[in-house]
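Participant: Structure file structure.pdb (PDB, C-alpha atoms (C1' of nucleotides)) right here:
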```
ATOM      1  CA  MET A   1     159.136 -15.254 -27.469  1.00  0.00           C
ATOM      2  CA  ASP A   2     159.573 -12.199 -29.721  1.00  0.00           C
ATOM      3  CA  ASP A   3     156.823 -10.586 -31.764  1.00  0.00           C
ATOM      4  CA  GLN A   4     157.648 -12.365 -34.983  1.00  0.00           C
ATOM      5  CA  GLU A   5     157.582 -15.740 -33.325  1.00  0.00           C
ATOM      6  CA  LEU A   6     154.339 -14.904 -31.591  1.00  0.00           C
ATOM      7  CA  ASN A   7     152.814 -13.883 -34.929  1.00  0.00           C
ATOM      8  CA  ARG A   8     153.817 -17.173 -36.465  1.00  0.00           C
ATOM      9  CA  THR A   9     152.722 -19.229 -33.489  1.00  0.00           C
ATOM     10  CA  LEU A  10     149.276 -17.668 -33.240  1.00  0.00           C
ATOM     11  CA  LEU A  11     148.669 -18.181 -36.953  1.00  0.00           C
ATOM     12  CA  ASN A  12     150.044 -21.682 -36.767  1.00  0.00           C
ATOM     13  CA  ILE A  13     147.661 -22.610 -33.988  1.00  0.00           C
ATOM     14  CA  TYR A  14     144.784 -21.159 -35.969  1.00  0.00           C
ATOM     15  CA  GLN A  15     145.729 -23.060 -39.090  1.00  0.00           C
ATOM     16  CA  ARG A  16     145.999 -26.340 -37.231  1.00  0.00           C
ATOM     17  CA  LEU A  17     142.647 -25.828 -35.601  1.00  0.00           C
ATOM     18  CA  TYR A  18     141.020 -24.852 -38.888  1.00  0.00           C
ATOM     19  CA  THR A  19     142.517 -27.862 -40.646  1.00  0.00           C
ATOM     20  CA  LYS A  20     141.260 -30.175 -37.946  1.00  0.00           C
ATOM     21  CA  TYR A  21     137.812 -28.738 -37.270  1.00  0.00           C
ATOM     22  CA  GLY A  22     136.958 -26.591 -40.300  1.00  0.00           C
ATOM     23  CA  PRO A  23     134.730 -23.506 -40.217  1.00  0.00           C
ATOM     24  CA  GLN A  24     132.623 -23.229 -37.075  1.00  0.00           C
ATOM     25  CA  HIS A  25     129.852 -21.025 -38.454  1.00  0.00           C
ATOM     26  CA  TRP A  26     129.674 -18.958 -35.331  1.00  0.00           C
ATOM     27  CA  TRP A  27     127.695 -17.503 -33.597  1.00  0.00           C
ATOM     28  CA  PRO A  28     125.234 -20.427 -33.200  1.00  0.00           C
ATOM     29  CA  ALA A  29     122.194 -18.175 -33.611  1.00  0.00           C
ATOM     30  CA  GLU A  30     120.039 -17.204 -36.550  1.00  0.00           C
ATOM     31  CA  LYS A  31     119.946 -13.427 -36.327  1.00  0.00           C
ATOM     32  CA  PRO A  32     122.114 -10.627 -34.908  1.00  0.00           C
ATOM     33  CA  PHE A  33     119.529  -9.805 -32.284  1.00  0.00           C
ATOM     34  CA  GLU A  34     119.567 -13.400 -31.097  1.00  0.00           C
ATOM     35  CA  VAL A  35     123.331 -13.193 -30.869  1.00  0.00           C
ATOM     36  CA  ILE A  36     123.021 -10.337 -28.401  1.00  0.00           C
ATOM     37  CA  ILE A  37     120.477 -12.188 -26.276  1.00  0.00           C
ATOM     38  CA  GLY A  38     122.555 -15.353 -26.405  1.00  0.00           C
ATOM     39  CA  ALA A  39     125.730 -13.489 -25.473  1.00  0.00           C
ATOM     40  CA  ILE A  40     124.110 -12.287 -22.261  1.00  0.00           C
ATOM     41  CA  LEU A  41     122.379 -15.554 -21.443  1.00  0.00           C
ATOM     42  CA  THR A  42     125.460 -17.704 -21.945  1.00  0.00           C
ATOM     43  CA  GLN A  43     127.495 -15.919 -19.300  1.00  0.00           C
ATOM     44  CA  SER A  44     129.085 -18.685 -17.267  1.00  0.00           C
ATOM     45  CA  THR A  45     126.508 -21.086 -18.626  1.00  0.00           C
ATOM     46  CA  ASN A  46     126.394 -24.110 -20.886  1.00  0.00           C
ATOM     47  CA  TRP A  47     125.064 -23.247 -24.353  1.00  0.00           C
ATOM     48  CA  THR A  48     122.504 -26.083 -24.302  1.00  0.00           C
ATOM     49  CA  ASN A  49     120.794 -24.392 -21.376  1.00  0.00           C
ATOM     50  CA  VAL A  50     120.801 -21.110 -23.272  1.00  0.00           C
ATOM     51  CA  GLU A  51     119.101 -22.807 -26.195  1.00  0.00           C
ATOM     52  CA  LYS A  52     116.231 -23.839 -23.947  1.00  0.00           C
ATOM     53  CA  ALA A  53     115.836 -20.286 -22.734  1.00  0.00           C
ATOM     54  CA  ILE A  54     115.886 -18.862 -26.260  1.00  0.00           C
ATOM     55  CA  LYS A  55     113.350 -21.450 -27.360  1.00  0.00           C
ATOM     56  CA  ASN A  56     111.037 -20.325 -24.575  1.00  0.00           C
ATOM     57  CA  LEU A  57     111.463 -16.704 -25.587  1.00  0.00           C
ATOM     58  CA  LYS A  58     110.617 -17.583 -29.168  1.00  0.00           C
ATOM     59  CA  GLN A  59     107.534 -19.515 -28.176  1.00  0.00           C
ATOM     60  CA  ALA A  60     106.373 -16.565 -26.108  1.00  0.00           C
ATOM     61  CA  ASP A  61     107.032 -14.355 -29.136  1.00  0.00           C
ATOM     62  CA  ALA A  62     109.356 -12.375 -26.903  1.00  0.00           C
ATOM     63  CA  LEU A  63     112.586 -12.513 -28.853  1.00  0.00           C
ATOM     64  CA  LYS A  64     112.425  -8.877 -29.851  1.00  0.00           C
ATOM     65  CA  PRO A  65     113.203  -5.608 -28.086  1.00  0.00           C
ATOM     66  CA  ASP A  66     109.709  -4.299 -27.656  1.00  0.00           C
ATOM     67  CA  ALA A  67     108.293  -7.558 -26.341  1.00  0.00           C
ATOM     68  CA  LEU A  68     111.187  -7.950 -23.923  1.00  0.00           C
ATOM     69  CA  ARG A  69     110.613  -4.468 -22.551  1.00  0.00           C
ATOM     70  CA  LYS A  70     106.930  -5.153 -22.021  1.00  0.00           C
ATOM     71  CA  LEU A  71     107.501  -8.349 -20.071  1.00  0.00           C
ATOM     72  CA  SER A  72     107.737  -8.007 -16.315  1.00  0.00           C
ATOM     73  CA  LYS A  73     111.082  -8.961 -14.877  1.00  0.00           C
ATOM     74  CA  ASP A  74     109.552 -11.927 -13.084  1.00  0.00           C
ATOM     75  CA  LYS A  75     107.899 -13.222 -16.204  1.00  0.00           C
ATOM     76  CA  LEU A  76     111.105 -12.802 -18.182  1.00  0.00           C
ATOM     77  CA  ALA A  77     113.017 -14.611 -15.460  1.00  0.00           C
ATOM     78  CA  ARG A  78     110.621 -17.536 -15.704  1.00  0.00           C
ATOM     79  CA  LEU A  79     111.088 -17.764 -19.474  1.00  0.00           C
ATOM     80  CA  ILE A  80     114.874 -17.904 -19.199  1.00  0.00           C
ATOM     81  CA  HIS A  81     114.836 -20.081 -16.089  1.00  0.00           C
ATOM     82  CA  ALA A  82     116.683 -22.982 -17.726  1.00  0.00           C
ATOM     83  CA  CYS A  83     119.889 -21.070 -18.338  1.00  0.00           C
ATOM     84  CA  GLY A  84     120.527 -20.276 -14.693  1.00  0.00           C
ATOM     85  CA  TYR A  85     121.162 -16.944 -12.939  1.00  0.00           C
ATOM     86  CA  TYR A  86     117.730 -16.082 -14.260  1.00  0.00           C
ATOM     87  CA  ASN A  87     117.079 -13.115 -11.997  1.00  0.00           C
ATOM     88  CA  VAL A  88     120.285 -11.251 -12.772  1.00  0.00           C
ATOM     89  CA  LYS A  89     120.069 -12.172 -16.427  1.00  0.00           C
ATOM     90  CA  ALA A  90     116.517 -10.850 -16.634  1.00  0.00           C
ATOM     91  CA  SER A  91     117.809  -7.545 -15.246  1.00  0.00           C
ATOM     92  CA  LYS A  92     120.643  -7.550 -17.753  1.00  0.00           C
ATOM     93  CA  LEU A  93     118.340  -8.144 -20.705  1.00  0.00           C
ATOM     94  CA  LYS A  94     116.064  -5.395 -19.443  1.00  0.00           C
ATOM     95  CA  ALA A  95     118.974  -2.985 -19.080  1.00  0.00           C
ATOM     96  CA  PHE A  96     120.146  -3.614 -22.610  1.00  0.00           C
ATOM     97  CA  MET A  97     116.671  -3.256 -24.110  1.00  0.00           C
ATOM     98  CA  GLU A  98     116.038   0.034 -22.343  1.00  0.00           C
ATOM     99  CA  TRP A  99     119.321   1.433 -23.617  1.00  0.00           C
ATOM    100  CA  PHE A 100     118.830   0.016 -27.109  1.00  0.00           C
ATOM    101  CA  GLY A 101     115.384   1.562 -27.440  1.00  0.00           C
ATOM    102  CA  GLU A 102     116.295   4.917 -25.984  1.00  0.00           C
ATOM    103  CA  LYS A 103     119.535   5.445 -27.831  1.00  0.00           C
ATOM    104  CA  TYR A 104     119.107   3.503 -31.061  1.00  0.00           C
ATOM    105  CA  HIS A 105     115.348   3.096 -31.449  1.00  0.00           C
ATOM    106  CA  ASP A 106     115.847  -0.655 -31.696  1.00  0.00           C
ATOM    107  CA  SER A 107     117.892  -0.303 -34.860  1.00  0.00           C
ATOM    108  CA  LEU A 108     120.811  -2.715 -35.142  1.00  0.00           C
ATOM    109  CA  GLU A 109     121.915  -0.872 -38.244  1.00  0.00           C
ATOM    110  CA  ARG A 110     122.307   2.363 -36.311  1.00  0.00           C
ATOM    111  CA  LEU A 111     123.979   0.552 -33.459  1.00  0.00           C
ATOM    112  CA  PHE A 112     126.614  -1.015 -35.648  1.00  0.00           C
ATOM    113  CA  THR A 113     127.397   1.917 -37.920  1.00  0.00           C
ATOM    114  CA  GLN A 114     130.085   3.306 -35.656  1.00  0.00           C
ATOM    115  CA  ASP A 115     133.661   2.524 -34.854  1.00  0.00           C
ATOM    116  CA  VAL A 116     134.550  -0.417 -32.645  1.00  0.00           C
ATOM    117  CA  VAL A 117     136.159   1.643 -29.880  1.00  0.00           C
ATOM    118  CA  SER A 118     133.132   3.860 -29.353  1.00  0.00           C
ATOM    119  CA  LEU A 119     130.683   0.980 -29.664  1.00  0.00           C
ATOM    120  CA  ARG A 120     132.646  -1.120 -27.198  1.00  0.00           C
ATOM    121  CA  GLN A 121     132.761   1.626 -24.594  1.00  0.00           C
ATOM    122  CA  GLN A 122     129.025   2.193 -24.846  1.00  0.00           C
ATOM    123  CA  LEU A 123     128.309  -1.498 -24.425  1.00  0.00           C
ATOM    124  CA  LEU A 124     130.593  -1.688 -21.394  1.00  0.00           C
ATOM    125  CA  ASP A 125     128.623   1.110 -19.760  1.00  0.00           C
ATOM    126  CA  ILE A 126     125.468  -1.009 -19.811  1.00  0.00           C
ATOM    127  CA  TYR A 127     124.719  -3.054 -16.716  1.00  0.00           C
ATOM    128  CA  GLY A 128     125.504  -6.723 -17.266  1.00  0.00           C
ATOM    129  CA  ILE A 129     127.761  -6.290 -20.276  1.00  0.00           C
ATOM    130  CA  GLY A 130     131.416  -6.854 -19.522  1.00  0.00           C
ATOM    131  CA  ASN A 131     134.432  -7.325 -21.769  1.00  0.00           C
ATOM    132  CA  GLU A 132     133.624 -10.709 -23.219  1.00  0.00           C
ATOM    133  CA  THR A 133     129.943 -10.043 -23.806  1.00  0.00           C
ATOM    134  CA  ALA A 134     130.712  -6.706 -25.455  1.00  0.00           C
ATOM    135  CA  ASP A 135     133.248  -8.278 -27.781  1.00  0.00           C
ATOM    136  CA  ALA A 136     130.938 -11.172 -28.637  1.00  0.00           C
ATOM    137  CA  ILE A 137     128.226  -8.703 -29.591  1.00  0.00           C
ATOM    138  CA  ILE A 138     130.599  -6.552 -31.675  1.00  0.00           C
ATOM    139  CA  LEU A 139     132.167  -9.484 -33.500  1.00  0.00           C
ATOM    140  CA  TYR A 140     129.289 -11.888 -33.929  1.00  0.00           C
ATOM    141  CA  ALA A 141     126.298  -9.560 -34.135  1.00  0.00           C
ATOM    142  CA  GLY A 142     128.012  -6.470 -35.566  1.00  0.00           C
ATOM    143  CA  ASN A 143     130.492  -8.295 -37.769  1.00  0.00           C
ATOM    144  CA  LYS A 144     133.224  -5.902 -36.691  1.00  0.00           C
ATOM    145  CA  PRO A 145     136.814  -6.806 -35.806  1.00  0.00           C
ATOM    146  CA  THR A 146     137.466  -7.418 -32.121  1.00  0.00           C
ATOM    147  CA  PHE A 147     138.898 -10.514 -30.477  1.00  0.00           C
ATOM    148  CA  VAL A 148     136.814 -12.382 -27.901  1.00  0.00           C
ATOM    149  CA  ILE A 149     138.674 -13.702 -24.870  1.00  0.00           C
ATOM    150  CA  ASP A 150     136.985 -16.365 -22.789  1.00  0.00           C
ATOM    151  CA  ALA A 151     137.848 -18.998 -20.236  1.00  0.00           C
ATOM    152  CA  TYR A 152     138.700 -21.553 -22.940  1.00  0.00           C
ATOM    153  CA  THR A 153     141.038 -19.119 -24.663  1.00  0.00           C
ATOM    154  CA  ARG A 154     142.991 -18.438 -21.492  1.00  0.00           C
ATOM    155  CA  ARG A 155     143.136 -22.085 -20.497  1.00  0.00           C
ATOM    156  CA  ILE A 156     144.150 -23.490 -23.850  1.00  0.00           C
ATOM    157  CA  MET A 157     146.718 -20.842 -24.658  1.00  0.00           C
ATOM    158  CA  GLY A 158     147.951 -20.868 -21.088  1.00  0.00           C
ATOM    159  CA  ARG A 159     148.578 -24.601 -21.220  1.00  0.00           C
ATOM    160  CA  MET A 160     150.643 -24.018 -24.325  1.00  0.00           C
ATOM    161  CA  GLY A 161     152.711 -21.473 -22.481  1.00  0.00           C
ATOM    162  CA  ILE A 162     151.318 -18.567 -24.478  1.00  0.00           C
ATOM    163  CA  LYS A 163     150.039 -15.781 -22.287  1.00  0.00           C
ATOM    164  CA  PRO A 164     150.411 -12.039 -21.888  1.00  0.00           C
ATOM    165  CA  TYR A 165     152.654 -10.612 -19.197  1.00  0.00           C
ATOM    166  CA  LYS A 166     149.657  -9.406 -17.254  1.00  0.00           C
ATOM    167  CA  ASP A 167     146.701 -11.766 -16.897  1.00  0.00           C
ATOM    168  CA  SER A 168     144.004  -9.199 -17.653  1.00  0.00           C
ATOM    169  CA  TYR A 169     141.290  -9.304 -20.285  1.00  0.00           C
ATOM    170  CA  ASN A 170     142.707  -6.313 -22.134  1.00  0.00           C
ATOM    171  CA  ASP A 171     146.191  -7.773 -22.212  1.00  0.00           C
ATOM    172  CA  TRP A 172     144.933 -11.082 -23.524  1.00  0.00           C
ATOM    173  CA  GLN A 173     143.003  -9.278 -26.216  1.00  0.00           C
ATOM    174  CA  LYS A 174     145.974  -7.106 -27.130  1.00  0.00           C
ATOM    175  CA  MET A 175     148.150 -10.174 -27.471  1.00  0.00           C
ATOM    176  CA  PHE A 176     145.891 -11.543 -30.191  1.00  0.00           C
ATOM    177  CA  MET A 177     144.994  -8.317 -31.918  1.00  0.00           C
ATOM    178  CA  GLU A 178     148.520  -6.952 -32.090  1.00  0.00           C
ATOM    179  CA  ASN A 179     149.859 -10.188 -33.475  1.00  0.00           C
ATOM    180  CA  LEU A 180     147.198 -11.130 -36.003  1.00  0.00           C
ATOM    181  CA  PRO A 181     145.888  -9.335 -39.076  1.00  0.00           C
ATOM    182  CA  THR A 182     142.730  -7.348 -38.356  1.00  0.00           C
ATOM    183  CA  ASP A 183     140.278  -9.671 -40.018  1.00  0.00           C
ATOM    184  CA  VAL A 184     136.698 -10.258 -38.936  1.00  0.00           C
ATOM    185  CA  LYS A 185     136.542 -13.730 -40.396  1.00  0.00           C
ATOM    186  CA  LEU A 186     139.799 -14.740 -38.749  1.00  0.00           C
ATOM    187  CA  PHE A 187     138.729 -13.407 -35.354  1.00  0.00           C
ATOM    188  CA  ASN A 188     135.354 -15.077 -35.761  1.00  0.00           C
ATOM    189  CA  GLU A 189     136.740 -18.507 -36.610  1.00  0.00           C
ATOM    190  CA  TYR A 190     139.638 -18.370 -34.183  1.00  0.00           C
ATOM    191  CA  HIS A 191     137.444 -17.925 -31.155  1.00  0.00           C
ATOM    192  CA  GLY A 192     134.928 -20.502 -32.366  1.00  0.00           C
ATOM    193  CA  LEU A 193     137.732 -22.983 -32.914  1.00  0.00           C
ATOM    194  CA  LEU A 194     139.218 -22.416 -29.461  1.00  0.00           C
ATOM    195  CA  VAL A 195     135.838 -23.138 -27.897  1.00  0.00           C
ATOM    196  CA  LYS A 196     135.417 -26.203 -30.089  1.00  0.00           C
ATOM    197  CA  LEU A 197     138.805 -27.494 -28.994  1.00  0.00           C
ATOM    198  CA  GLY A 198     138.110 -26.711 -25.369  1.00  0.00           C
ATOM    199  CA  LYS A 199     134.791 -28.493 -25.355  1.00  0.00           C
ATOM    200  CA  GLU A 200     135.950 -31.534 -27.248  1.00  0.00           C
ATOM    201  CA  VAL A 201     139.068 -32.215 -25.269  1.00  0.00           C
ATOM    202  CA  CYS A 202     137.527 -31.552 -21.888  1.00  0.00           C
ATOM    203  CA  ARG A 203     134.506 -33.661 -22.534  1.00  0.00           C
ATOM    204  CA  THR A 204     136.165 -36.559 -24.276  1.00  0.00           C
ATOM    205  CA  HIS A 205     139.371 -36.874 -22.330  1.00  0.00           C
ATOM    206  CA  PRO A 206     138.877 -35.273 -18.943  1.00  0.00           C
ATOM    207  CA  LEU A 207     141.690 -37.197 -17.267  1.00  0.00           C
ATOM    208  CA  CYS A 208     144.170 -37.631 -20.079  1.00  0.00           C
ATOM    209  CA  HIS A 209     147.604 -36.771 -18.758  1.00  0.00           C
ATOM    210  CA  GLN A 210     148.770 -35.642 -22.157  1.00  0.00           C
ATOM    211  CA  CYS A 211     145.859 -33.287 -22.617  1.00  0.00           C
ATOM    212  CA  CYS A 212     146.786 -29.644 -22.878  1.00  0.00           C
ATOM    213  CA  LEU A 213     143.668 -28.787 -20.892  1.00  0.00           C
ATOM    214  CA  ASN A 214     144.424 -31.034 -17.972  1.00  0.00           C
ATOM    215  CA  PRO A 215     145.739 -28.739 -15.245  1.00  0.00           C
ATOM    216  CA  THR A 216     147.956 -31.505 -13.876  1.00  0.00           C
ATOM    217  CA  THR A 217     149.668 -31.945 -17.219  1.00  0.00           C
ATOM    218  CA  LYS A 218     153.086 -30.477 -17.729  1.00  0.00           C
ATOM    219  CA  ASN A 219     153.335 -28.132 -20.679  1.00  0.00           C
ATOM    220  CA  THR A 220     155.557 -29.759 -23.283  1.00  0.00           C
ATOM    221  CA  GLY A 221     155.944 -26.615 -25.331  1.00  0.00           C
ATOM    222  CA  ASP A 222     154.288 -28.266 -28.317  1.00  0.00           C
ATOM    223  CA  VAL A 223     151.393 -26.431 -29.860  1.00  0.00           C
ATOM    224  CA  PHE A 224     149.098 -29.322 -29.064  1.00  0.00           C
ATOM    225  CA  PRO A 225     150.514 -31.315 -26.179  1.00  0.00           C
ATOM    226  CA  CYS A 226     147.430 -33.495 -26.256  1.00  0.00           C
ATOM    227  CA  ARG A 227     148.104 -36.541 -28.414  1.00  0.00           C
ATOM    228  CA  HIS A 228     144.432 -36.836 -29.261  1.00  0.00           C
ATOM    229  CA  LEU A 229     144.671 -33.671 -31.268  1.00  0.00           C
ATOM    230  CA  HIS A 230     147.316 -35.028 -33.573  1.00  0.00           C
ATOM    231  CA  HIS A 231     144.970 -37.587 -35.096  1.00  0.00           C
ATOM    232  CA  GLY A 232     143.907 -36.740 -38.621  1.00  0.00           C
ATOM    233  CA  LYS A 233     146.066 -33.670 -38.728  1.00  0.00           C
TER     234      LYS A 233
ATOM    235  C1'  DG B   1     125.865 -36.684  -5.706  1.00  0.00           C
ATOM    236  C1'  DG B   2     129.544 -33.597  -7.091  1.00  0.00           C
ATOM    237  C1'  DC B   3     131.461 -30.873 -10.596  1.00  0.00           C
ATOM    238  C1'  DC B   4     131.299 -27.409 -13.956  1.00  0.00           C
ATOM    239  C1'  DA B   5     129.849 -24.594 -17.960  1.00  0.00           C
ATOM    240  C1'  DG B   6     131.587 -19.540 -23.871  1.00  0.00           C
ATOM    241  C1'  DG B   7     130.809 -13.814 -16.803  1.00  0.00           C
ATOM    242  C1'  DA B   8     129.694  -9.777 -14.421  1.00  0.00           C
ATOM    243  C1'  DC B   9     129.180  -7.191 -10.443  1.00  0.00           C
ATOM    244  C1'  DA B  10     129.276  -5.801  -5.541  1.00  0.00           C
ATOM    245  C1'  DC B  11     132.026  -5.392  -1.736  1.00  0.00           C
ATOM    246  C1'  DC B  12     136.229  -5.311   0.770  1.00  0.00           C
ATOM    247  C1'  DA B  13     141.089  -4.387   1.951  1.00  0.00           C
TER     248       DA B  13
ATOM    249  C1'  DT C   1     144.181  -3.388  -8.499  1.00  0.00           C
ATOM    250  C1'  DG C   2     143.195  -7.701  -6.666  1.00  0.00           C
ATOM    251  C1'  DG C   3     140.707 -11.281  -4.173  1.00  0.00           C
ATOM    252  C1'  DT C   4     136.265 -13.298  -2.858  1.00  0.00           C
ATOM    253  C1'  DG C   5     131.218 -14.091  -2.618  1.00  0.00           C
ATOM    254  C1'  DT C   6     126.955 -14.231  -5.256  1.00  0.00           C
ATOM    255  C1'  DC C   7     123.933 -15.477  -8.794  1.00  0.00           C
ATOM    256  C1'  DA C   8     121.519 -21.129 -10.400  1.00  0.00           C
ATOM    257  C1'  DT C   9     120.223 -24.489 -13.870  1.00  0.00           C
ATOM    258  C1'  DG C  10     120.943 -28.907 -16.304  1.00  0.00           C
ATOM    259  C1'  DG C  11     124.042 -32.527 -18.177  1.00  0.00           C
ATOM    260  C1'  DC C  12     127.234 -35.943 -17.236  1.00  0.00           C
TER     261       DC C  12
END
```
Could you take the file, read its structure, and then write that structure out as structure tokens?

Facilitator:
Amino acid sequence: MDDQELNRTLLNIYQRLYTKYGPQHWWPAEKPFEVIIGAILTQSTNWTNVEKAIKNLKQADALKPDALRKLSKDKLARLIHACGYYNVKASKLKAFMEWFGEKYHDSLERLFTQDVVSLRQQLLDIYGIGNETADAIILYAGNKPTFVIDAYTRRIMGRMGIKPYKDSYNDWQKMFMENLPTDVKLFNEYHGLLVKLGKEVCRTHPLCHQCCLNPTTKNTGDVFPCRHLHHGK
DNA sequence: GGCCAGGACACCA
DNA sequence: TGGTGTCATGGC
């Protein structure tokens, strides 16, 4: 597939998803600071469990940098217990808050008034923040253009036969960003839509042999091999 | 009762 | 650079 075809295909997939599902209003959190917390807590974890953890933090009036720093790690771990990996995640939240206070005095405005490349590198240097979490924070909390690659993205696109030569995070990200216009709203919706598709198809039709997410299904080359996705299109 | 979910990191070769 | 083990709950 040449570049032009890839451009068209990626946009085509986006347009089909948008037509079917509409705007996703991501990230599912009220404020940018909550987006950051959620991005860390949702690592390899169902979002419904993250919601429980965030609710606990709210009730403890601990959903802010200063309060999170003051909590002991054990106490923080207990508050976020429901979202799993609570010990490591407590350490990760702590690490971010220390850095955020020291370097940016808890100011999201200061944090996000810099270019994406520099911001991304700084985030990656923090313990517990890897590629996906960094990009989620930049895009959904900072409202800056970067494309988020997650397990759904790789699986869905992979099933459609669309994948970079090298199966690395950076190559996946490059594939999208070099073949789509640099547009925050587009990047925002695209990722939200891929997750929506991934969740819906997996949950509703886990064994469907025509489902593009079923690993036993042969890739037909169609954009949506799953027949369920053609309804209402 | 088993499987898996919007990862990241340490450790090893 | 790449593969594997670890961290853990809750929903289905």

Participant: Any chance you could resolve the PyMOL selection byres ((chain A) within 6 of (chain B)) against this file and give the residues as a VMD selection string?

Facilitator: chain A and resid 43 to 46 128

Participant: Give me the result of the PyMOL selection byres ((chain C) within 7 of (chain A)) on this file, residue by residue, as a VMD selection string.

Facilitator: chain C and resid 7 to 10

Participant: Set the distance at 10 Å and use all atoms listed in the file: which residues neighbour Tyr14 in chain A once local chain neighbours fewer than 5 positions away are removed? I'd like the list as a list in words.

Facilitator: Arg8, Thr9, Thr19, Lys20, Leu186, Phe187, Glu189, Tyr190, His191, Leu193 and Leu194 of chain A

Participant: Given the file above and the PyMOL selection byres ((chain A and resi 98-111) around 9), which residues are selected, and can you give them as a PyMOL selection string?

Facilitator: chain A and resi 32-33+65-66+69+93-97+112-114+119+126+141-142

Participant: Mind dumping the selected residues with C-alpha atoms as a PDB file, in the coordinates of the input?

Facilitator:
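Wrote it out as part02.pdb, contents follow:
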```pdb
ATOM      1  CA  PRO A  32     122.114 -10.627 -34.908  1.00  0.00           C
ATOM      2  CA  PHE A  33     119.529  -9.805 -32.284  1.00  0.00           C
ATOM      3  CA  PRO A  65     113.203  -5.608 -28.086  1.00  0.00           C
ATOM      4  CA  ASP A  66     109.709  -4.299 -27.656  1.00  0.00           C
ATOM      5  CA  ARG A  69     110.613  -4.468 -22.551  1.00  0.00           C
ATOM      6  CA  LEU A  93     118.340  -8.144 -20.705  1.00  0.00           C
ATOM      7  CA  LYS A  94     116.064  -5.395 -19.443  1.00  0.00           C
ATOM      8  CA  ALA A  95     118.974  -2.985 -19.080  1.00  0.00           C
ATOM      9  CA  PHE A  96     120.146  -3.614 -22.610  1.00  0.00           C
ATOM     10  CA  MET A  97     116.671  -3.256 -24.110  1.00  0.00           C
ATOM     11  CA  PHE A 112     126.614  -1.015 -35.648  1.00  0.00           C
ATOM     12  CA  THR A 113     127.397   1.917 -37.920  1.00  0.00           C
ATOM     13  CA  GLN A 114     130.085   3.306 -35.656  1.00  0.00           C
ATOM     14  CA  LEU A 119     130.683   0.980 -29.664  1.00  0.00           C
ATOM     15  CA  ILE A 126     125.468  -1.009 -19.811  1.00  0.00           C
ATOM     16  CA  ALA A 141     126.298  -9.560 -34.135  1.00  0.00           C
ATOM     17  CA  GLY A 142     128.012  -6.470 -35.566  1.00  0.00           C
TER      18      GLY A 142
END
```

Participant: Which residues are near Ile162 in chain A? Cut-off 12 Å, all atoms listed in the file, ignore same chain within fewer than 3 positions. Put them as a list in words.

Facilitator: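 The contact residues come out as Met1, Asp2, Glu5, Leu6, Asn7, Thr9, Leu10, Ile13, Thr153, Arg154, Arg155, Ile156, Met157, Gly158, Arg159, Tyr165, Lys166, Asp167, Trp172, Met175, Phe176, Asn219, Gly221, Asp222, Val223 and Phe224 of chain A.
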
Participant: Kindly give the distance, in Å, that separates CA of Gln59 in chain A and CA of Leu71 in chain A, rounded to a single decimal.

Facilitator: 13.8 Å

Participant: Calculate how many Å separate CA of Gln121 in chain A from CA of Val35 in chain A, rounding to one decimal.

Facilitator: 18.7 Å

Participant: Just how far from CA of Asp74 in chain A is CA of Asp150 in chain A, in Å to one decimal?

Facilitator: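 Computed distance, CA of Asp150 in chain A to CA of Asp74 in chain A, equals 29.4 Å.
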
Participant: List the neighbours of Tyr127 in chain A out to 7 Å using all atoms listed in the file; skip same-chain residues closer than 2 positions along the sequence, and give me the result as a PyMOL selection string.

Facilitator: chain A and resi 92+95+125+129

Participant: What would the file look like if the residues just selected were written as an mmCIF file, keeping the file's coordinate frame with C-alpha atoms?

Facilitator:
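Saved the output as out_28.cif:
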```cif
data_model
loop_
_atom_site.group_PDB
_atom_site.id
_atom_site.type_symbol
_atom_site.label_atom_id
_atom_site.label_comp_id
_atom_site.auth_asym_id
_atom_site.auth_seq_id
_atom_site.Cartn_x
_atom_site.Cartn_y
_atom_site.Cartn_z
ATOM 1 C CA LYS A 92 120.643 -7.550 -17.753
ATOM 2 C CA ALA A 95 118.974 -2.985 -19.080
ATOM 3 C CA ASP A 125 128.623 1.110 -19.760
ATOM 4 C CA ILE A 129 127.761 -6.290 -20.276
#
```

Participant: Hey, what's within 7 Å of Val148 in chain A if we count only C-alpha atoms (C1' of nucleotides) and toss same-chain stuff fewer than 6 positions away? As a list of chain:residue names, please?

Facilitator: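 Here the answer would be A:Glu132, A:Asp135, A:Ala136, A:His191.
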
Participant: Enclose chain C, meaning all of its atoms listed in the file, in a box aligned along x, y and z, pad it by 4 Å on each side, and list the centre and edge lengths in Å to one decimal, as lines of an AutoDock Vina configuration file.

Facilitator:
```
center_x = 132.2
center_y = -19.7
center_z = -10.4
size_x = 32.0
size_y = 40.6
size_z = 23.6
```
